[in-house]
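Below is one structure, written out as structure tokens; comments come after it.
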Amino acid sequence: MRWGKVWTVARIDLHRLFISKDYWVPMVILGGIFFVFIPWVLLGVVTRPQSINIVQQIGEVLTSLPGAAGDVVQGETAQGRAAYSMAVFLLAPVAIVVPLTISSAVGAQAIVGERERGIGEFLAHSPLTIKEIYAGKLIASALPGYAATLGGFTVYAFIVNFRAGPVVGGWFFPTAGWWLLIFWVVPPFLLVALAIIVRLSARVQSTAAAQQAASLISLPIIMASYVASSGFVLNPTLAAAIVGSIAWVLAIWGIASGARAINRERLLGVGSGN
Amino acid sequence: MTTGIQLDGVSRKFGQIRAVDDLTIDVPQGSVAVLLGPNGAGKTTTVRLITGSLRPDAGSIRVFGLDPIADGQAVRQRCGVVPPKPALYDRLTGRNNLEYAAMIWDAPPEAIDEAAARFAIDDALHLKVAGYSTGMRTRLALARAVLHDPDILLLDEPTAGLDPESARAVLDLIRELAGSGRTVIMATHLLHEAEGIADQVILMGAGSARAAGHPLELAARYMKDPVVIIDAENRDSLKTLESRDGVLGTSWNGALHMTIESIEILPELVAGLVNDGVRLTRIEPMAATLEHLYFEMQRQLTEAAPPPEVAQQLPRNPKGSRTPPGPQ
């Protein structure tokens with residue numbers, strides 16, 4: 001595999017995306033809603049002195065958790081513990097939702113979109129290998145979502161510390177679990193989804209069908225991330241490490257099998273299944 | 001000449017449709033071959049088979065001795081392709097399109113401006129391709145195809161959608177490229193495009209080569225009887241021509257088109273008309289154009305074609321493909 005060529009394929013797609021306002025404006029809005037607006041509002045509500053009922057309800061949930069889980073939650077006061085658990089646990093799946101939503105939109109078009117625009121013919125006649133084209137498409141699909149997540153994560157960290165820090169007892173975010181989540185768990189989750197979505201993109205007849213299929217793929221992965229995030233409450237670091245490891249194995253398998261499912265005939269739109 | 005591109009008994013089906021059926025062609029290195037045929041004749045599929053983008057169901061393909069499936073990367077590195085739709089990135093500028101192609105084909109950066117200037121698209125390189133006219137898009141696609149100085153040019157309907165002026169300019173450029181020693185295969189259904197360019201015309205129909213050869217050779221094969229255009233002040237006086245010796249037939253198409261056994265009998269025919277008092281206004285031996293040739297070939301091949309069950313029993317030539325019926 002010639003990585004220079006892979007990067008060229010990825011660059012072409014990234015270039016096209018980032019000169020298209022109709023792509024990156026919704027992306028920024030989506031990231032803004034999940035990483036800025038929702039945390040700002042929710043943490044603001046929890047840390048208000050008047051929010052006694054909400055704090056009590058969250059406190060009851062926390063006390064019902066097994067002993068080890070309860071120990072993880074920081075904060076001297078009920079309000080601090082409620083803000084901590086909301087920032088660290090409840091909003092964790094957001095880190096999966098944002099990149100998946102952004103990247104699946106790109107990934108769904110990776111092959112079928114090229115075919116519809118007639119670009120598939122250009123790539124099919126090029127000296128690029130199918131693996132290089134596939135890897136380039138995968139990178140171009142994954143990078144925008146992951147970059148949005150990293151940017152959102154940075155902003156989110158500031159918001160959490162700014163909003164919840166005073167009641168928790170100082171700056172506490174990112175926690176070890178969140179570092180693992182962002183750099184160990186999110187990338188393989190994203191790659192698993194994209195490996196399937198790009199593969200589907202080569203097999204379906206139209207971009208619309210690819211978008212539908214992408215939604216179907218994203219949904220269970222988002223649900224899985226929610227389930228996994230509950231494990232983070234019990235032992236965030238260990239849970240993130242285990243979930244991440246499993247996701248990496250699946251991602252490597254998914255990418256390898258996805259590459260085999262694409263060929264030049266599918267780029268031209270004449271392969272079997274088209 | 002060295003063999004450049006060879007297809008031997010190549011077939012390719014899409015579902016129940018035989019896009020290419022037992023196709024055998026031989027394009028020597030440095031020559032220009034024109035794949036001529038109606039829509040659906042298998043021209044585009046042939047181009048795709050040559051680059052290895054499509055895998056043949058049967059038969060063998062060699063491009064400068066390489067197998068496009070096994071050595072696809074090497075074959076495609078030597079090819080410059082202009083597809084029927086130019087396949088450009090619309091949201092990027094013309095320069096971006098050429099830059100990325102240069103990166104993919106390892107062309108030097110200076111080749112971008114050279115190719116753009118060659119196809120007179122250099123002034124528009126800073127503009128987004130979405131705003132290009134059809135002619136500009138074709139010229140950009142041609143510039144992209146020659147960036148890496150390919151040995152083989154595969155041009156699939158390169159003048160589709162162009163106005164006559166742009167089409168002529170594109171054909172002149174193709175002529176120039178062909179003159180520089182490249183092997184060119186051009187697929188078209190426009191007969192006049194092949195004229196003056198083709199070293200070899202390959203008439204395609206239903207996925208196979210119905211006939212192939214130099215236009216003059218094909219003319220000699222399929223248009224043996226000369227045609228003379230003749231006109232007179234009193235056209236009724238020309239009616240007697242039909243009954244004269246050596247005249248095989250006549251038809252009216254603006255003037256009288258007279259098919260004769262040999263051009264050598266023309267002076268005698270003219271003298272006879274003059275003696276009869278016919279005042280001739282035009283005598284012109286008709287040059288066989290590809291258009292005439294194409295339709296004559298189609299007519300003869302259709303008349304001579306055996307029914308499908310007979311075709312299955314045709315003897316195979318030494319290369320294994322069935323010899324097409326018709327005059328040889």
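Quick note on naming: the chains in the structure tokens go A, B, ... in the order shown, residues restart at 1 in each chain, and ligands are numbered from 1 in order of appearance.
Residues in contact range of range 230-235 of chain B, defined as at most 8 Å between only C-alpha atoms, with sequence neighbours fewer than 6 positions away removed, read Ala255, Leu256, His257, Met258, Val278, Arg279, Leu280, Thr281, Arg282, Ile283 and Glu284 of chain B.
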Mind listing as a short mmCIF file (atom, residue, chain, number, x, y, z; two decimals) with C-alpha atoms, in the first residue's frame which residues of chain B are within 6 Å of chain A, counting only C-alpha atoms?
data_model
loop_
_atom_site.label_atom_id
_atom_site.label_comp_id
_atom_site.auth_asym_id
_atom_site.auth_seq_id
_atom_site.Cartn_x
_atom_site.Cartn_y
_atom_site.Cartn_z
CA SER B 53 -11.35 -1.94 -14.93
CA LEU B 54 -13.54 -4.76 -16.12
CA GLN B 73 -1.41 -1.05 -12.01
CA ARG B 76 -3.24 1.85 -16.07
CA GLN B 77 -0.08 3.84 -15.35
CA ALA B 87 -15.49 12.46 -14.70
#
DSSP alpha helix (DSSP H) residues within range 21-133 of chain A, as a PyMOL selection string: chain A and resi 21-32+38-46+52-63+67-72+78-85+94-109+112-117+119-124+130-133
Neighbouring residues of Ile182 in chain A were defined as those with any atom within 10 Å, considering only C-alpha atoms; residues of the same chain fewer than 2 positions away were excluded. Please report them as a list in words.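 Neighbouring residues, sequence-local ones excluded: Ala92, Ala95, Ile96, Tyr146, Thr149, Leu150, Phe153, Pro174, Gly177, Trp178, Trp179, Leu180, Trp184, Val185, Val186, Pro187, Ala240 and Gly244 of chain A.
Considering only C-alpha atoms, the residue among A:Tyr134, A:Trp40, A:Phe34, A:Phe18 positioned nearest to Gly152 in chain A is A:Phe34.
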For Gly254 in chain A: contacts at 8 Å, only C-alpha atoms, fewer than 4 positions along chain excluded, given as a ChimeraX atom specification: /A:191-192,195-196,250,258
Could you write out that same residue set with N, CA and C atoms as an mmCIF file, in the first residue's frame?
data_model
loop_
_atom_site.group_PDB
_atom_site.id
_atom_site.type_symbol
_atom_site.label_atom_id
_atom_site.label_comp_id
_atom_site.auth_asym_id
_atom_site.auth_seq_id
_atom_site.Cartn_x
_atom_site.Cartn_y
_atom_site.Cartn_z
ATOM 1 N N LEU A 191 -14.494 3.391 13.109
ATOM 2 C CA LEU A 191 -13.982 2.585 11.985
ATOM 3 C C LEU A 191 -14.863 1.374 11.707
ATOM 4 N N VAL A 192 -15.397 0.768 12.773
ATOM 5 C CA VAL A 192 -16.308 -0.373 12.572
ATOM 6 C C VAL A 192 -17.500 0.089 11.742
ATOM 7 N N ALA A 195 -16.429 1.008 8.150
ATOM 8 C CA ALA A 195 -16.080 -0.164 7.332
ATOM 9 C C ALA A 195 -17.344 -0.766 6.728
ATOM 10 N N ILE A 196 -18.401 -0.814 7.538
ATOM 11 C CA ILE A 196 -19.667 -1.370 7.038
ATOM 12 C C ILE A 196 -20.333 -0.392 6.074
ATOM 13 N N LEU A 250 -12.731 -5.694 16.166
ATOM 14 C CA LEU A 250 -13.823 -5.643 15.191
ATOM 15 C C LEU A 250 -13.492 -4.686 14.044
ATOM 16 N N GLY A 258 -13.987 -5.300 4.454
ATOM 17 C CA GLY A 258 -14.587 -4.239 3.633
ATOM 18 C C GLY A 258 -13.786 -3.995 2.380
#
Pick from A:Ile255, A:Val88, A:Ala78, A:Val94, whichever lies nearest to Arg199 in chain A using only C-alpha atoms: A:Ile255
Would you list the contacts of range 174-180 of chain B as a PyMOL selection string, taking every protein, DNA or RNA residue within 10 Å and counting only C-alpha atoms, but skipping same-chain residues closer than 2 positions in sequence? chain B and resi 30-32+142+146+152-153+155+158+168-172+182-186+196-198
